[in-house]
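Colleague: Here it is: the structure, laid out below.
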Amino acid sequence: VTVPLAIGLDAGGTKALGVAIDAEGNVVEQQLRETPNDADALIETFAELVGELGDGPVGVGVPGLVTTAGVLVSAPNLINVRDLPVAARLQQRLGRPVAVDNDNTLSALAEWKLGAGRGASDMLLVGLGTGIGGGVVAGGQLQRGVHGFAGEFGHVVVDPDGPSCPCGRRGCWERYASGSGLARLARLAADRGALTALVAAVGDDAGAIRGEDVTAAAAAGDPEARAVIAEFAGWVALGLVNLTYMFDPEVIVISGGLSADPDQFLPPIRAEFERPRFAGVRRTPPEIRFAQLGPRAGAVGAALLARERN
Ligand SMILES: [Zn+2]
């Protein structure tokens with residue numbers, strides 16, 4: 001008996017990953033390409049990936065606002081791609097069914113079915129990357145909202161007087177608690193005269209500090225870098241508490257670049273989350289877990305979506 005495969009693609013801001021999964025969700029084949037910042041080239045790249053991965057229904061994750069009809073409205077890292085009917089175009093090009101959704105929504109689906117959220121009826125995925133994306137499972141259902149735009153946790157405002165955000169508001173959570181937020185907190189610390197060793201290491205230019213630099217310095221034992229990580233963890237926890245009040249989840253799964261380094265981030269986030277945050281409230285906080293499927297979660301979730309829809 002041949003097990004039917006399902007194909008999942010996940011277009012990040014720079015790389016597009018394609019996988020084929022078997023009936024148990026194991027990745028049996030994968031391919032990687034650059035993500036072109038152009039509508040026609042993007043569809044062509046998807047078609048090439050599918051051609052290399054074989055037969056089966058196709059799911060696609062894209063890094064932006066996706067309507068329930070599979071139209072990519074906009075994506076912060078693909079500025080030349082707007083209002084692209086990805087599902088319709090790719091289906092026409094391939095002659096087989098194509099389902100399209102937001103990449104974090106699909107990571108949530110994958111972590112819920114196969115990873116850190118397995119067995120939970122209510123789970124949130126918080127994707128800490130350059131920005132913050134999210135996915136919501138509530139009452140045993142993946143949620144999309146009326147337009148498909150649910151789970152954009154990064155643009156919940158945590159300080160109305162905070163730094164401006166490309167979305168048009170100020171003080172969005174992702175200005176503090178994402179990878180770019182970590183770099184921003186580090187630059188502010190450098191401006192106060194802290195992080196001297198790290199600033200020297202990046203050529204005396206505080207503006208050049210990236211999130212990874214802070215993480216590496218903290219891992220090497222730099223106490224000032226550790227203080228920045230602790231401050232960052234406080235901002236992450238603040239948002240997670242807000243989400244807990246909104247959704248009462250059983251599990252919050254943290255994914256994205258930071259989840260590659262759980263030893264560094266998980267203890268301070270858990271400590272900040274559990275310590276004073278629910279002290280006066282009689283409620284059971286959710287469990288905070290880091291994602292288990294790694295950078296392939298979005299593509300695996302896309303393949304699961306393809307299988308669900310067919
Ligand atoms: Zn915003």
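By convention in this document, the chains of the structure tokens carry letters A, B, ... by their order, each chain's residues are numbered from 1, and ligands are numbered from 1 in the order they are shown.
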Restrict the calculation to only C-alpha atoms, then for each residue of stretch 146-254 of chain A with any atom at most 10 Å from an atom of stretch 267-270 of chain A give the closest atom pair and their distance in Å to one decimal, rows by chain and rising residue number, as a Markdown table.
Modeller:
```
| residue | atom | partner | partner_atom | distance |
| --- | --- | --- | --- | --- |
| A:Arg226 | CA | A:Pro268 | CA | 9.8 |
| A:Ile229 | CA | A:Pro268 | CA | 7.9 |
| A:Ala230 | CA | A:Pro268 | CA | 6.1 |
| A:Glu231 | CA | A:Pro268 | CA | 9.2 |
| A:Phe232 | CA | A:Ile269 | CA | 8.5 |
| A:Ala233 | CA | A:Ile269 | CA | 4.7 |
| A:Gly234 | CA | A:Ile269 | CA | 6.8 |
| A:Trp235 | CA | A:Ile269 | CA | 8.8 |
| A:Val236 | CA | A:Ile269 | CA | 6.8 |
| A:Ala237 | CA | A:Ile269 | CA | 5.9 |
| A:Leu238 | CA | A:Ile269 | CA | 9.6 |
| A:Leu240 | CA | A:Ile269 | CA | 9.4 |
```
Colleague: Give me the residues within 7 Å of stretch 282-298 of chain A as a list in words, counting only C-alpha atoms and dropping any in the same chain fewer than 6 places off.
Modeller: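 Here the qualifying residues turn out to be Asp10, Gly61, Asp103, Asn104, Leu106, Ser107, Ala110, Glu111, Gly115, Ala116, Pro249, Glu250, Val251, Ile252, Val253, Ile254, Ser255, Ser259, Pro262 and Arg270 of chain A.
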Colleague: Per DSSP on the backbone, filter stretch 184-246 of chain A down to the residues in helix (DSSP H, G or I) and report them as a ChimeraX atom specification.
Modeller: /A:184-191,196-201,206-208,211-219,223-246
Colleague: Could you find all residues in stretch 104-143 of chain A that DSSP calls strand (DSSP E or B) from the backbone, and write them as a list in words?
Modeller: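 So, restricting stretch 104-143 of chain A to strand (DSSP E or B), we get Met123, Leu124, Leu125, Val126, Gly127, Leu128, Ile132, Gly133, Gly134, Gly135, Val136, Val137, Ala138, Gln141, Leu142 and Gln143 of chain A.
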Colleague: Do you know which residues are within 7 Å of ligand 1 using only C-alpha atoms and all ligand atoms? Can you write them as a PyMOL selection string?
Modeller: chain A and resi 154-155+165-170+172
Colleague: Let me see the file: selected residues, all heavy atoms, as a tab-separated table (two decimals), in the first residue's frame.
Modeller:
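The resulting again_9.tsv:
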```tsv
chain	number	residue	atom	x	y	z
A	154	GLY	N	1.71	40.49	17.72
A	154	GLY	CA	2.81	41.45	17.77
A	154	GLY	C	2.37	42.90	17.79
A	154	GLY	O	3.11	43.77	18.24
A	155	HIS	N	1.15	43.17	17.32
A	155	HIS	CA	0.70	44.56	17.24
A	155	HIS	C	-0.28	44.93	18.35
A	155	HIS	O	-0.97	45.95	18.26
A	155	HIS	CB	0.15	44.85	15.84
A	155	HIS	CG	1.19	44.66	14.79
A	155	HIS	ND1	2.26	45.54	14.66
A	155	HIS	CD2	1.39	43.67	13.91
A	155	HIS	CE1	3.05	45.08	13.69
A	155	HIS	NE2	2.56	43.95	13.23
A	165	CYS	N	5.80	51.90	15.13
A	165	CYS	CA	5.80	50.58	14.49
A	165	CYS	C	5.36	50.77	13.04
A	165	CYS	O	4.54	51.64	12.76
A	165	CYS	CB	4.83	49.68	15.25
A	165	CYS	SG	4.71	48.01	14.61
A	166	PRO	N	5.86	49.94	12.11
A	166	PRO	CA	5.42	50.06	10.72
A	166	PRO	C	3.90	49.93	10.54
A	166	PRO	O	3.36	50.38	9.53
A	166	PRO	CB	6.13	48.91	10.01
A	166	PRO	CG	7.29	48.58	10.88
A	166	PRO	CD	6.91	48.95	12.29
A	167	CYS	N	3.19	49.36	11.52
A	167	CYS	CA	1.73	49.20	11.39
A	167	CYS	C	1.02	50.52	11.59
A	167	CYS	O	-0.18	50.63	11.35
A	167	CYS	CB	1.21	48.18	12.39
A	167	CYS	SG	1.10	48.78	14.09
A	168	GLY	N	1.74	51.56	12.08
A	168	GLY	CA	1.12	52.88	12.24
A	168	GLY	C	0.84	53.25	13.69
A	168	GLY	O	0.49	54.39	13.98
A	169	ARG	N	1.00	52.28	14.61
A	169	ARG	CA	0.78	52.60	16.02
A	169	ARG	C	2.12	52.72	16.74
A	169	ARG	O	3.18	52.61	16.15
A	169	ARG	CB	-0.09	51.50	16.66
A	169	ARG	CG	-1.40	51.31	15.92
A	169	ARG	CD	-2.53	50.98	16.85
A	169	ARG	NE	-2.41	49.64	17.38
A	169	ARG	CZ	-3.21	49.16	18.36
A	169	ARG	NH1	-4.13	49.93	18.89
A	169	ARG	NH2	-3.08	47.93	18.77
A	170	ARG	N	2.03	52.97	18.03
A	170	ARG	CA	3.25	53.08	18.85
A	170	ARG	C	3.23	52.03	19.94
A	170	ARG	O	2.19	51.69	20.47
A	170	ARG	CB	3.33	54.46	19.52
A	170	ARG	CG	3.31	55.64	18.57
A	170	ARG	CD	3.63	56.93	19.32
A	170	ARG	NE	5.07	57.04	19.53
A	170	ARG	CZ	5.91	57.62	18.69
A	170	ARG	NH1	5.45	58.17	17.57
A	170	ARG	NH2	7.19	57.67	18.94
A	172	CYS	N	3.99	48.81	20.05
A	172	CYS	CA	3.51	47.44	19.82
A	172	CYS	C	4.44	46.45	20.53
A	172	CYS	O	5.65	46.67	20.64
A	172	CYS	CB	3.48	47.12	18.34
A	172	CYS	SG	2.20	48.03	17.46
```
Colleague: When you look at A:Leu49 with a cut-off of 12 Å (counting only C-alpha atoms), what residues show up, excluding the ones that are within fewer than 5 positions of it in the same chain? I need them as a PyMOL selection string.
Modeller: chain A and resi 7-11+15-20+29-35+42-44+54-55+58-60+90+94+299
Colleague: Keeping only C-alpha atoms, write those residues as a PDB file, in the first residue's frame.
Modeller:
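What ended up in out_3.pdb:
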```pdb
ATOM      1  CA  ILE A   7       3.339  18.717   0.147  1.00  0.00           C
ATOM      2  CA  GLY A   8       3.912  21.766   2.355  1.00  0.00           C
ATOM      3  CA  LEU A   9       5.716  24.986   1.418  1.00  0.00           C
ATOM      4  CA  ASP A  10       6.700  27.779   3.788  1.00  0.00           C
ATOM      5  CA  ALA A  11       7.922  31.057   2.326  1.00  0.00           C
ATOM      6  CA  LYS A  15      14.081  31.370   2.166  1.00  0.00           C
ATOM      7  CA  ALA A  16      11.266  29.149   0.934  1.00  0.00           C
ATOM      8  CA  LEU A  17      11.219  25.610   2.333  1.00  0.00           C
ATOM      9  CA  GLY A  18       9.261  22.749   0.810  1.00  0.00           C
ATOM     10  CA  VAL A  19       8.617  19.382   2.465  1.00  0.00           C
ATOM     11  CA  ALA A  20       6.765  16.179   1.672  1.00  0.00           C
ATOM     12  CA  GLU A  29      11.816  14.933   1.459  1.00  0.00           C
ATOM     13  CA  GLN A  30      12.764  18.602   1.597  1.00  0.00           C
ATOM     14  CA  GLN A  31      13.949  21.376  -0.714  1.00  0.00           C
ATOM     15  CA  LEU A  32      15.089  24.956  -0.111  1.00  0.00           C
ATOM     16  CA  ARG A  33      15.059  28.034  -2.388  1.00  0.00           C
ATOM     17  CA  GLU A  34      15.518  31.789  -2.103  1.00  0.00           C
ATOM     18  CA  THR A  35      12.204  33.629  -1.676  1.00  0.00           C
ATOM     19  CA  LEU A  42       7.187  33.659  -6.160  1.00  0.00           C
ATOM     20  CA  ILE A  43       4.481  31.535  -7.815  1.00  0.00           C
ATOM     21  CA  GLU A  44       7.135  30.021 -10.112  1.00  0.00           C
ATOM     22  CA  GLY A  54       6.258  14.937  -5.961  1.00  0.00           C
ATOM     23  CA  ASP A  55       2.553  14.177  -5.977  1.00  0.00           C
ATOM     24  CA  VAL A  58      -0.290  21.243  -1.678  1.00  0.00           C
ATOM     25  CA  GLY A  59      -0.390  23.659   1.257  1.00  0.00           C
ATOM     26  CA  VAL A  60       1.494  26.955   1.372  1.00  0.00           C
ATOM     27  CA  LEU A  90      -0.726  28.107  -7.945  1.00  0.00           C
ATOM     28  CA  LEU A  94      -0.137  23.000 -10.961  1.00  0.00           C
ATOM     29  CA  ALA A 299       6.044  23.784   6.057  1.00  0.00           C
TER      30      ALA A 299
END
```
Colleague: For A:Ala39, find every residue with an atom within 8 Å (counting only C-alpha atoms), except residues of its own chain fewer than 3 positions away, and show them as a list in words.
Modeller: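 Those residues are Pro36, Leu42, Ile43, Asn80, Val81, Arg82 and Leu84 of chain A.
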Colleague: Go ahead and write the residues just picked, N, CA, C and O atoms, as a compact mmCIF listing (two decimals), in the first residue's frame.
Modeller:
```txt
# COMPACT_ATOMS: atom_id res chain seq x y z
N PRO A 36 11.81 34.86 -3.78
CA PRO A 36 11.89 36.09 -4.59
C PRO A 36 10.87 37.13 -4.12
O PRO A 36 9.76 36.78 -3.72
N LEU A 42 7.56 34.41 -7.37
CA LEU A 42 7.19 33.66 -6.16
C LEU A 42 6.33 32.44 -6.53
O LEU A 42 6.60 31.32 -6.07
N ILE A 43 5.34 32.65 -7.38
CA ILE A 43 4.48 31.54 -7.82
C ILE A 43 5.34 30.48 -8.53
O ILE A 43 5.18 29.27 -8.32
N ASN A 80 7.20 43.88 -2.51
CA ASN A 80 6.71 43.95 -3.89
C ASN A 80 5.53 43.03 -4.16
O ASN A 80 5.03 42.97 -5.28
N VAL A 81 5.13 42.28 -3.15
CA VAL A 81 4.03 41.32 -3.33
C VAL A 81 2.82 41.83 -2.56
O VAL A 81 2.84 41.93 -1.34
N ARG A 82 1.76 42.20 -3.30
CA ARG A 82 0.53 42.68 -2.65
C ARG A 82 -0.67 42.07 -3.35
O ARG A 82 -0.68 41.92 -4.56
N LEU A 84 -1.87 39.19 -3.77
CA LEU A 84 -1.55 38.09 -4.68
C LEU A 84 -2.44 36.88 -4.36
O LEU A 84 -2.38 36.33 -3.26
```
